[in-house]
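Structure below is protein_23.cif: mmCIF, N, CA and C atoms.
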data_upload
loop_
_atom_site.label_atom_id
_atom_site.label_comp_id
_atom_site.auth_asym_id
_atom_site.auth_seq_id
_atom_site.Cartn_x
_atom_site.Cartn_y
_atom_site.Cartn_z
N MET K 1 -39.56 12.23 -10.63
CA MET K 1 -40.39 11.37 -11.45
C MET K 1 -40.77 12.11 -12.73
N THR K 2 -41.03 11.35 -13.79
CA THR K 2 -41.39 11.95 -15.07
C THR K 2 -42.57 11.20 -15.68
N ASP K 3 -43.24 11.83 -16.65
CA ASP K 3 -44.43 11.24 -17.26
C ASP K 3 -44.12 10.25 -18.39
N THR K 4 -43.02 10.45 -19.11
CA THR K 4 -42.68 9.58 -20.24
C THR K 4 -41.18 9.27 -20.23
N ILE K 5 -40.87 8.02 -20.49
CA ILE K 5 -39.47 7.58 -20.59
C ILE K 5 -39.36 6.68 -21.81
N SER K 6 -38.32 6.89 -22.60
CA SER K 6 -38.01 6.01 -23.73
C SER K 6 -36.58 5.51 -23.59
N LEU K 7 -36.37 4.27 -23.99
CA LEU K 7 -35.03 3.69 -23.93
C LEU K 7 -34.88 2.65 -25.04
N PHE K 8 -33.79 2.76 -25.79
CA PHE K 8 -33.45 1.76 -26.81
C PHE K 8 -32.47 0.78 -26.20
N ILE K 9 -32.78 -0.49 -26.31
CA ILE K 9 -31.89 -1.55 -25.85
C ILE K 9 -31.45 -2.34 -27.08
N PRO K 10 -30.20 -2.15 -27.51
CA PRO K 10 -29.72 -2.92 -28.67
C PRO K 10 -29.64 -4.40 -28.32
N LYS K 11 -29.84 -5.23 -29.29
CA LYS K 11 -29.86 -6.69 -29.10
C LYS K 11 -28.49 -7.19 -28.63
N PRO K 12 -28.38 -7.60 -27.34
CA PRO K 12 -27.09 -8.05 -26.83
C PRO K 12 -26.86 -9.56 -26.99
N ASP K 13 -27.92 -10.29 -27.31
CA ASP K 13 -27.87 -11.75 -27.40
C ASP K 13 -29.01 -12.17 -28.33
N GLU K 14 -29.19 -13.45 -28.51
CA GLU K 14 -30.29 -13.93 -29.34
C GLU K 14 -31.62 -13.57 -28.69
N TRP K 15 -32.66 -13.42 -29.53
CA TRP K 15 -34.00 -13.18 -29.03
C TRP K 15 -34.46 -14.38 -28.20
N ILE K 16 -35.29 -14.13 -27.22
CA ILE K 16 -35.92 -15.20 -26.45
C ILE K 16 -37.35 -15.29 -26.95
N ASN K 17 -37.62 -16.31 -27.74
CA ASN K 17 -38.87 -16.45 -28.45
C ASN K 17 -39.74 -17.51 -27.76
N ALA K 18 -41.02 -17.22 -27.59
CA ALA K 18 -41.94 -18.14 -26.92
C ALA K 18 -42.06 -19.48 -27.65
N ASN K 19 -41.75 -19.52 -28.94
CA ASN K 19 -41.86 -20.76 -29.70
C ASN K 19 -40.63 -21.65 -29.59
N GLN K 20 -39.57 -21.14 -28.99
CA GLN K 20 -38.34 -21.92 -28.87
C GLN K 20 -38.45 -22.96 -27.76
N LYS K 21 -37.77 -24.05 -27.94
CA LYS K 21 -37.67 -25.08 -26.91
C LYS K 21 -36.20 -25.12 -26.47
N LEU K 22 -35.83 -24.17 -25.63
CA LEU K 22 -34.44 -24.03 -25.21
C LEU K 22 -34.16 -24.81 -23.93
N HIS K 23 -32.94 -25.30 -23.82
CA HIS K 23 -32.48 -25.86 -22.56
C HIS K 23 -32.54 -24.74 -21.53
N TRP K 24 -32.89 -25.07 -20.29
CA TRP K 24 -33.08 -24.03 -19.26
C TRP K 24 -31.83 -23.18 -19.06
N ALA K 25 -30.64 -23.78 -19.18
CA ALA K 25 -29.41 -23.01 -18.96
C ALA K 25 -29.17 -22.01 -20.09
N VAL K 26 -29.51 -22.39 -21.31
CA VAL K 26 -29.37 -21.48 -22.45
C VAL K 26 -30.34 -20.32 -22.30
N LYS K 27 -31.61 -20.64 -21.96
CA LYS K 27 -32.60 -19.59 -21.77
C LYS K 27 -32.19 -18.66 -20.63
N ASN K 28 -31.74 -19.22 -19.53
CA ASN K 28 -31.33 -18.41 -18.39
C ASN K 28 -30.19 -17.46 -18.76
N SER K 29 -29.25 -17.95 -19.54
CA SER K 29 -28.12 -17.12 -19.96
C SER K 29 -28.61 -15.93 -20.80
N ARG K 30 -29.52 -16.19 -21.73
CA ARG K 30 -30.08 -15.12 -22.56
C ARG K 30 -30.87 -14.12 -21.72
N VAL K 31 -31.70 -14.65 -20.82
CA VAL K 31 -32.48 -13.77 -19.93
C VAL K 31 -31.56 -12.86 -19.14
N GLN K 32 -30.51 -13.42 -18.57
CA GLN K 32 -29.59 -12.63 -17.76
C GLN K 32 -28.87 -11.58 -18.59
N THR K 33 -28.49 -11.92 -19.81
CA THR K 33 -27.81 -10.95 -20.67
C THR K 33 -28.73 -9.78 -21.00
N TRP K 34 -29.97 -10.06 -21.41
CA TRP K 34 -30.93 -9.00 -21.72
C TRP K 34 -31.22 -8.16 -20.47
N ARG K 35 -31.43 -8.82 -19.34
CA ARG K 35 -31.75 -8.11 -18.09
C ARG K 35 -30.60 -7.20 -17.67
N ASP K 36 -29.39 -7.74 -17.68
CA ASP K 36 -28.21 -6.95 -17.29
C ASP K 36 -27.98 -5.78 -18.23
N THR K 37 -28.20 -6.00 -19.53
CA THR K 37 -28.01 -4.93 -20.51
C THR K 37 -29.01 -3.80 -20.27
N ALA K 38 -30.27 -4.14 -20.04
CA ALA K 38 -31.30 -3.12 -19.78
C ALA K 38 -30.95 -2.33 -18.52
N CYS K 39 -30.54 -3.02 -17.48
CA CYS K 39 -30.16 -2.35 -16.23
C CYS K 39 -28.98 -1.42 -16.45
N TYR K 40 -27.96 -1.91 -17.11
CA TYR K 40 -26.76 -1.12 -17.35
C TYR K 40 -27.07 0.13 -18.18
N LEU K 41 -27.82 -0.04 -19.28
CA LEU K 41 -28.11 1.10 -20.15
C LEU K 41 -29.00 2.13 -19.45
N ALA K 42 -29.93 1.68 -18.64
CA ALA K 42 -30.77 2.62 -17.89
C ALA K 42 -29.94 3.42 -16.89
N ARG K 43 -29.01 2.75 -16.23
CA ARG K 43 -28.14 3.46 -15.28
C ARG K 43 -27.20 4.42 -16.01
N GLN K 44 -26.66 3.99 -17.16
CA GLN K 44 -25.78 4.86 -17.94
C GLN K 44 -26.52 6.10 -18.42
N ALA K 45 -27.78 5.94 -18.79
CA ALA K 45 -28.59 7.06 -19.28
C ALA K 45 -29.09 7.94 -18.13
N LYS K 46 -28.88 7.47 -16.90
CA LYS K 46 -29.34 8.19 -15.70
C LYS K 46 -30.83 8.51 -15.80
N LEU K 47 -31.59 7.49 -16.21
CA LEU K 47 -33.03 7.67 -16.32
C LEU K 47 -33.65 7.88 -14.96
N PRO K 48 -34.61 8.80 -14.87
CA PRO K 48 -35.30 9.01 -13.59
C PRO K 48 -36.31 7.90 -13.35
N GLN K 49 -36.80 7.81 -12.14
CA GLN K 49 -37.82 6.83 -11.83
C GLN K 49 -39.13 7.25 -12.47
N LEU K 50 -39.79 6.32 -13.14
CA LEU K 50 -41.05 6.59 -13.80
C LEU K 50 -42.18 6.62 -12.78
N ALA K 51 -43.05 7.61 -12.90
CA ALA K 51 -44.23 7.68 -12.05
C ALA K 51 -45.19 6.56 -12.45
N LEU K 52 -45.74 5.89 -11.46
CA LEU K 52 -46.69 4.81 -11.71
C LEU K 52 -48.07 5.26 -11.25
N PRO K 53 -49.15 4.74 -11.82
CA PRO K 53 -49.22 3.67 -12.81
C PRO K 53 -48.78 4.15 -14.19
N ALA K 54 -48.40 3.18 -15.02
CA ALA K 54 -47.89 3.50 -16.34
C ALA K 54 -48.26 2.40 -17.33
N SER K 55 -48.13 2.74 -18.61
CA SER K 55 -48.27 1.75 -19.67
C SER K 55 -46.96 1.71 -20.42
N VAL K 56 -46.71 0.60 -21.10
CA VAL K 56 -45.46 0.46 -21.85
C VAL K 56 -45.72 -0.19 -23.20
N ASN K 57 -45.11 0.38 -24.23
CA ASN K 57 -45.05 -0.22 -25.56
C ASN K 57 -43.63 -0.67 -25.80
N ALA K 58 -43.49 -1.84 -26.42
CA ALA K 58 -42.17 -2.37 -26.77
C ALA K 58 -42.13 -2.51 -28.29
N TYR K 59 -41.30 -1.67 -28.93
CA TYR K 59 -41.16 -1.68 -30.38
C TYR K 59 -39.96 -2.55 -30.75
N ILE K 60 -40.24 -3.68 -31.40
CA ILE K 60 -39.22 -4.64 -31.77
C ILE K 60 -38.63 -4.23 -33.12
N ILE K 61 -37.33 -4.07 -33.16
CA ILE K 61 -36.64 -3.71 -34.40
C ILE K 61 -35.76 -4.88 -34.81
N LYS K 62 -35.93 -5.31 -36.04
CA LYS K 62 -35.11 -6.40 -36.57
C LYS K 62 -34.32 -5.90 -37.77
N ASP K 63 -33.26 -6.62 -38.11
CA ASP K 63 -32.40 -6.18 -39.21
C ASP K 63 -32.86 -6.70 -40.57
N ARG K 64 -33.97 -7.38 -40.59
CA ARG K 64 -34.50 -7.87 -41.85
C ARG K 64 -36.01 -7.65 -41.87
N GLY K 65 -36.59 -7.67 -43.04
CA GLY K 65 -38.00 -7.35 -43.18
C GLY K 65 -38.94 -8.53 -43.19
N SER K 66 -38.47 -9.70 -42.78
CA SER K 66 -39.34 -10.88 -42.84
C SER K 66 -40.44 -10.80 -41.77
N ARG K 67 -41.46 -11.62 -41.98
CA ARG K 67 -42.60 -11.64 -41.06
C ARG K 67 -42.22 -12.30 -39.74
N TYR K 68 -42.81 -11.80 -38.67
CA TYR K 68 -42.64 -12.39 -37.34
C TYR K 68 -43.77 -11.90 -36.46
N ASP K 69 -43.97 -12.52 -35.33
CA ASP K 69 -45.00 -12.13 -34.37
C ASP K 69 -44.33 -11.42 -33.20
N PRO K 70 -44.48 -10.11 -33.07
CA PRO K 70 -43.83 -9.39 -31.98
C PRO K 70 -44.19 -9.94 -30.59
N ASN K 71 -45.41 -10.48 -30.43
CA ASN K 71 -45.81 -11.01 -29.13
C ASN K 71 -45.00 -12.24 -28.71
N ASN K 72 -44.40 -12.94 -29.68
CA ASN K 72 -43.57 -14.09 -29.34
C ASN K 72 -42.30 -13.70 -28.59
N LEU K 73 -41.97 -12.41 -28.57
CA LEU K 73 -40.76 -11.95 -27.88
C LEU K 73 -41.05 -11.44 -26.47
N ALA K 74 -42.17 -11.85 -25.91
CA ALA K 74 -42.54 -11.43 -24.55
C ALA K 74 -41.49 -11.84 -23.51
N ASP K 75 -40.85 -12.99 -23.69
CA ASP K 75 -39.81 -13.41 -22.73
C ASP K 75 -38.61 -12.47 -22.79
N THR K 76 -38.34 -11.92 -23.97
CA THR K 76 -37.25 -10.97 -24.12
C THR K 76 -37.60 -9.65 -23.42
N THR K 77 -38.81 -9.15 -23.68
CA THR K 77 -39.18 -7.88 -23.05
C THR K 77 -39.34 -8.02 -21.55
N LYS K 78 -39.76 -9.18 -21.07
CA LYS K 78 -39.88 -9.42 -19.62
C LYS K 78 -38.51 -9.29 -18.96
N ALA K 79 -37.50 -9.86 -19.58
CA ALA K 79 -36.14 -9.76 -19.03
C ALA K 79 -35.69 -8.29 -18.96
N CYS K 80 -36.02 -7.53 -19.99
CA CYS K 80 -35.64 -6.10 -20.00
C CYS K 80 -36.39 -5.32 -18.94
N ILE K 81 -37.68 -5.56 -18.80
CA ILE K 81 -38.47 -4.87 -17.77
C ILE K 81 -37.90 -5.17 -16.39
N ASP K 82 -37.53 -6.42 -16.14
CA ASP K 82 -36.92 -6.77 -14.86
C ASP K 82 -35.60 -6.01 -14.65
N GLY K 83 -34.84 -5.82 -15.73
CA GLY K 83 -33.61 -5.04 -15.64
C GLY K 83 -33.88 -3.59 -15.31
N LEU K 84 -34.98 -3.04 -15.82
CA LEU K 84 -35.34 -1.65 -15.52
C LEU K 84 -35.81 -1.50 -14.07
N VAL K 85 -36.42 -2.55 -13.54
CA VAL K 85 -36.75 -2.55 -12.11
C VAL K 85 -35.45 -2.60 -11.30
N ASP K 86 -34.52 -3.45 -11.71
CA ASP K 86 -33.22 -3.53 -11.03
C ASP K 86 -32.52 -2.18 -11.01
N ALA K 87 -32.66 -1.40 -12.10
CA ALA K 87 -32.00 -0.10 -12.22
C ALA K 87 -32.73 1.00 -11.46
N GLY K 88 -33.96 0.72 -11.00
CA GLY K 88 -34.73 1.72 -10.27
C GLY K 88 -35.56 2.63 -11.15
N VAL K 89 -35.60 2.37 -12.46
CA VAL K 89 -36.43 3.17 -13.36
C VAL K 89 -37.90 2.89 -13.08
N LEU K 90 -38.21 1.64 -12.83
CA LEU K 90 -39.55 1.23 -12.43
C LEU K 90 -39.48 0.73 -10.99
N PRO K 91 -40.31 1.28 -10.10
CA PRO K 91 -40.28 0.78 -8.73
C PRO K 91 -40.81 -0.66 -8.62
N ASP K 92 -41.71 -1.03 -9.55
CA ASP K 92 -42.28 -2.38 -9.56
C ASP K 92 -42.88 -2.61 -10.95
N ASP K 93 -43.16 -3.87 -11.27
CA ASP K 93 -43.74 -4.17 -12.58
C ASP K 93 -44.98 -5.05 -12.48
N SER K 94 -45.67 -5.00 -11.34
CA SER K 94 -46.87 -5.82 -11.19
C SER K 94 -48.03 -5.22 -11.98
N TRP K 95 -49.09 -5.97 -12.13
CA TRP K 95 -50.27 -5.52 -12.87
C TRP K 95 -50.90 -4.29 -12.22
N GLN K 96 -50.63 -4.09 -10.95
CA GLN K 96 -51.22 -2.94 -10.26
C GLN K 96 -50.55 -1.62 -10.65
N GLU K 97 -49.34 -1.70 -11.19
CA GLU K 97 -48.60 -0.50 -11.53
C GLU K 97 -48.31 -0.34 -13.02
N LEU K 98 -48.31 -1.44 -13.77
CA LEU K 98 -47.84 -1.39 -15.14
C LEU K 98 -48.77 -2.15 -16.09
N ILE K 99 -49.20 -1.47 -17.14
CA ILE K 99 -49.98 -2.11 -18.20
C ILE K 99 -49.03 -2.40 -19.34
N GLY K 100 -48.96 -3.65 -19.74
CA GLY K 100 -48.10 -4.02 -20.86
C GLY K 100 -46.93 -4.88 -20.42
N PRO K 101 -46.00 -5.05 -21.31
CA PRO K 101 -45.80 -4.30 -22.54
C PRO K 101 -46.71 -4.75 -23.68
N ASP K 102 -47.06 -3.76 -24.49
CA ASP K 102 -47.78 -3.98 -25.74
C ASP K 102 -46.70 -4.10 -26.81
N HIS K 103 -46.59 -5.28 -27.39
CA HIS K 103 -45.52 -5.56 -28.36
C HIS K 103 -45.91 -5.08 -29.75
N ARG K 104 -45.02 -4.31 -30.36
CA ARG K 104 -45.27 -3.74 -31.69
C ARG K 104 -44.07 -3.96 -32.60
N HIS K 105 -44.33 -4.00 -33.89
CA HIS K 105 -43.25 -4.03 -34.87
C HIS K 105 -42.64 -2.64 -34.92
N GLY K 106 -41.33 -2.55 -34.77
CA GLY K 106 -40.65 -1.26 -34.74
C GLY K 106 -39.93 -0.92 -36.02
N GLY K 107 -40.06 -1.77 -37.04
CA GLY K 107 -39.42 -1.49 -38.31
C GLY K 107 -38.13 -2.26 -38.48
N LYS K 108 -37.45 -1.93 -39.56
CA LYS K 108 -36.19 -2.58 -39.92
C LYS K 108 -35.06 -1.63 -39.58
N GLY K 109 -34.02 -2.16 -38.96
CA GLY K 109 -32.88 -1.33 -38.58
C GLY K 109 -31.96 -2.08 -37.63
N ARG K 110 -31.28 -1.33 -36.80
CA ARG K 110 -30.39 -1.93 -35.81
C ARG K 110 -31.24 -2.74 -34.83
N PRO K 111 -31.00 -4.06 -34.73
CA PRO K 111 -31.84 -4.91 -33.90
C PRO K 111 -31.84 -4.49 -32.43
N GLY K 112 -33.02 -4.48 -31.87
CA GLY K 112 -33.18 -4.14 -30.47
C GLY K 112 -34.62 -3.83 -30.16
N ILE K 113 -34.83 -3.22 -29.00
CA ILE K 113 -36.18 -2.89 -28.54
C ILE K 113 -36.20 -1.45 -28.05
N ILE K 114 -37.20 -0.72 -28.51
CA ILE K 114 -37.45 0.61 -27.96
C ILE K 114 -38.61 0.47 -26.99
N PHE K 115 -38.36 0.83 -25.74
CA PHE K 115 -39.42 0.84 -24.73
C PHE K 115 -39.90 2.27 -24.56
N GLU K 116 -41.21 2.45 -24.59
CA GLU K 116 -41.83 3.75 -24.32
C GLU K 116 -42.80 3.58 -23.17
N PHE K 117 -42.48 4.22 -22.06
CA PHE K 117 -43.32 4.18 -20.86
C PHE K 117 -44.08 5.49 -20.75
N ARG K 118 -45.36 5.40 -20.42
CA ARG K 118 -46.17 6.61 -20.23
C ARG K 118 -46.90 6.53 -18.90
N HIS K 119 -46.77 7.60 -18.14
CA HIS K 119 -47.51 7.71 -16.88
C HIS K 119 -49.00 7.85 -17.19
N LEU K 120 -49.84 7.19 -16.41
CA LEU K 120 -51.28 7.20 -16.67
C LEU K 120 -51.99 8.29 -15.89
N ASN K 121 -51.28 9.32 -15.47
CA ASN K 121 -51.86 10.51 -14.84
C ASN K 121 -52.81 10.20 -13.68
N GLY K 122 -52.34 9.39 -12.77
CA GLY K 122 -53.09 9.13 -11.56
C GLY K 122 -54.19 8.10 -11.70
N SER K 123 -54.32 7.48 -12.88
CA SER K 123 -55.33 6.42 -13.05
C SER K 123 -55.02 5.28 -12.09
N VAL K 124 -56.04 4.64 -11.63
CA VAL K 124 -55.88 3.50 -10.74
C VAL K 124 -56.14 2.23 -11.54
N LEU K 125 -55.21 1.32 -11.53
CA LEU K 125 -55.37 0.05 -12.23
C LEU K 125 -56.08 -0.93 -11.30
N THR K 126 -57.15 -1.54 -11.79
CA THR K 126 -57.87 -2.51 -10.96
C THR K 126 -58.14 -3.77 -11.74
#

Please, can you express the file's structure as structure tokens?
Amino acid sequence: MTDTISLFIPKPDEWINANQKLHWAVKNSRVQTWRDTACYLARQAKLPQLALPASVNAYIIKDRGSRYDPNNLADTTKACIDGLVDAGVLPDDSWQELIGPDHRHGGKGRPGIIFEFRHLNGSVLT
């Protein structure tokens, strides 16, 4: 187990935005792509299991500088977190073990998400 883990997940599909009204099959396809990509990249990086409880920041990187609300991408980060659970990086993602993700603007660059997980040093979440 380790105290801090970072992982960049490049954008494998369209963003899943809370303001979108997508057909369930389209949304499911995007969710699965993001989830599978996060799982695959975590396994490829051979990330160790994160010690819980932990907090997580999700830095959203877009290829343009226009305004957006990072919190609207919660469905995208949820799919990635589930993929990290699938990969064994996170043993679980319930409120009892994980605070966040806290969505942040990550700047302009190669589109994707940087996840930063930090162990809370034995704090108990209640």

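With only C-alpha atoms as the atoms that count, the minimum distance from Asp69 (chain K) to the choices K:Asn57, K:Gln49, K:Ser6, K:Asn17 is reached by K:Asn17.
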
Region 52-61 of chain K, all listed atoms, 3 Å padding on each side: what axis-aligned box centre and edge lengths in Å to one decimal come out, as JSON?
{"center_x": -42.5, "center_y": 0.5, "center_z": -23.0, "size_x": 19.5, "size_y": 16.8, "size_z": 29.6}

Run the PyMOL selection byres (((chain K and resi 73 and name CA) around 7) and name CA) on the file and write out the hits as a PDB file with N, CA and C atoms, in the frame of the given file.
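The resulting file, expr13.pdb, is shown below:
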ATOM      1  N   TRP K  15     -32.660 -13.420 -29.530  1.00  0.00           N
ATOM      2  CA  TRP K  15     -34.000 -13.180 -29.030  1.00  0.00           C
ATOM      3  C   TRP K  15     -34.460 -14.380 -28.200  1.00  0.00           C
ATOM      4  N   ILE K  16     -35.290 -14.130 -27.220  1.00  0.00           N
ATOM      5  CA  ILE K  16     -35.920 -15.200 -26.450  1.00  0.00           C
ATOM      6  C   ILE K  16     -37.350 -15.290 -26.950  1.00  0.00           C
ATOM      7  N   ASN K  17     -37.620 -16.310 -27.740  1.00  0.00           N
ATOM      8  CA  ASN K  17     -38.870 -16.450 -28.450  1.00  0.00           C
ATOM      9  C   ASN K  17     -39.740 -17.510 -27.760  1.00  0.00           C
ATOM     10  N   ALA K  18     -41.020 -17.220 -27.590  1.00  0.00           N
ATOM     11  CA  ALA K  18     -41.940 -18.140 -26.920  1.00  0.00           C
ATOM     12  C   ALA K  18     -42.060 -19.480 -27.650  1.00  0.00           C
ATOM     13  N   PRO K  70     -44.480 -10.110 -33.070  1.00  0.00           N
ATOM     14  CA  PRO K  70     -43.830  -9.390 -31.980  1.00  0.00           C
ATOM     15  C   PRO K  70     -44.190  -9.940 -30.590  1.00  0.00           C
ATOM     16  N   ASN K  71     -45.410 -10.480 -30.430  1.00  0.00           N
ATOM     17  CA  ASN K  71     -45.810 -11.010 -29.130  1.00  0.00           C
ATOM     18  C   ASN K  71     -45.000 -12.240 -28.710  1.00  0.00           C
ATOM     19  N   ASN K  72     -44.400 -12.940 -29.680  1.00  0.00           N
ATOM     20  CA  ASN K  72     -43.570 -14.090 -29.340  1.00  0.00           C
ATOM     21  C   ASN K  72     -42.300 -13.700 -28.590  1.00  0.00           C
ATOM     22  N   ALA K  74     -42.170 -11.850 -25.910  1.00  0.00           N
ATOM     23  CA  ALA K  74     -42.540 -11.430 -24.550  1.00  0.00           C
ATOM     24  C   ALA K  74     -41.490 -11.840 -23.510  1.00  0.00           C
ATOM     25  N   ASP K  75     -40.850 -12.990 -23.690  1.00  0.00           N
ATOM     26  CA  ASP K  75     -39.810 -13.410 -22.730  1.00  0.00           C
ATOM     27  C   ASP K  75     -38.610 -12.470 -22.790  1.00  0.00           C
ATOM     28  N   THR K  76     -38.340 -11.920 -23.970  1.00  0.00           N
ATOM     29  CA  THR K  76     -37.250 -10.970 -24.120  1.00  0.00           C
ATOM     30  C   THR K  76     -37.600  -9.650 -23.420  1.00  0.00           C
ATOM     31  N   THR K  77     -38.810  -9.150 -23.680  1.00  0.00           N
ATOM     32  CA  THR K  77     -39.180  -7.880 -23.050  1.00  0.00           C
ATOM     33  C   THR K  77     -39.340  -8.020 -21.550  1.00  0.00           C
TER      34      THR K  77
END

Exercise for the section: Run through the PyMOL selection byres ((chain K and resi 90-106) around 6.5) on the given coordinates and return the selected residues as a ChimeraX atom specification. Expected result: /K:49-50,52-62,70-71,84-89,107-108,125-126

Practice task
Calculate how many Å separate atom N of Pro10 (chain K) from atom C of Ala25 (chain K), rounding to one decimal.
Solution key: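 Spanning atom N of Pro10 (chain K) to atom C of Ala25 (chain K) is a straight-line distance of 21.2 Å.
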
Exercise for the section: Determine the residue set returned by the PyMOL selection byres ((chain K and resi 34) around 7) for the present structure, and present it as a list in words. Expected result: Pro12, Asp13, Ser29, Arg30, Val31, Gln32, Thr33, Arg35, Asp36, Thr37, Ala38, Cys39, Thr76, Ala79, Cys80 and Gly83 of chain K
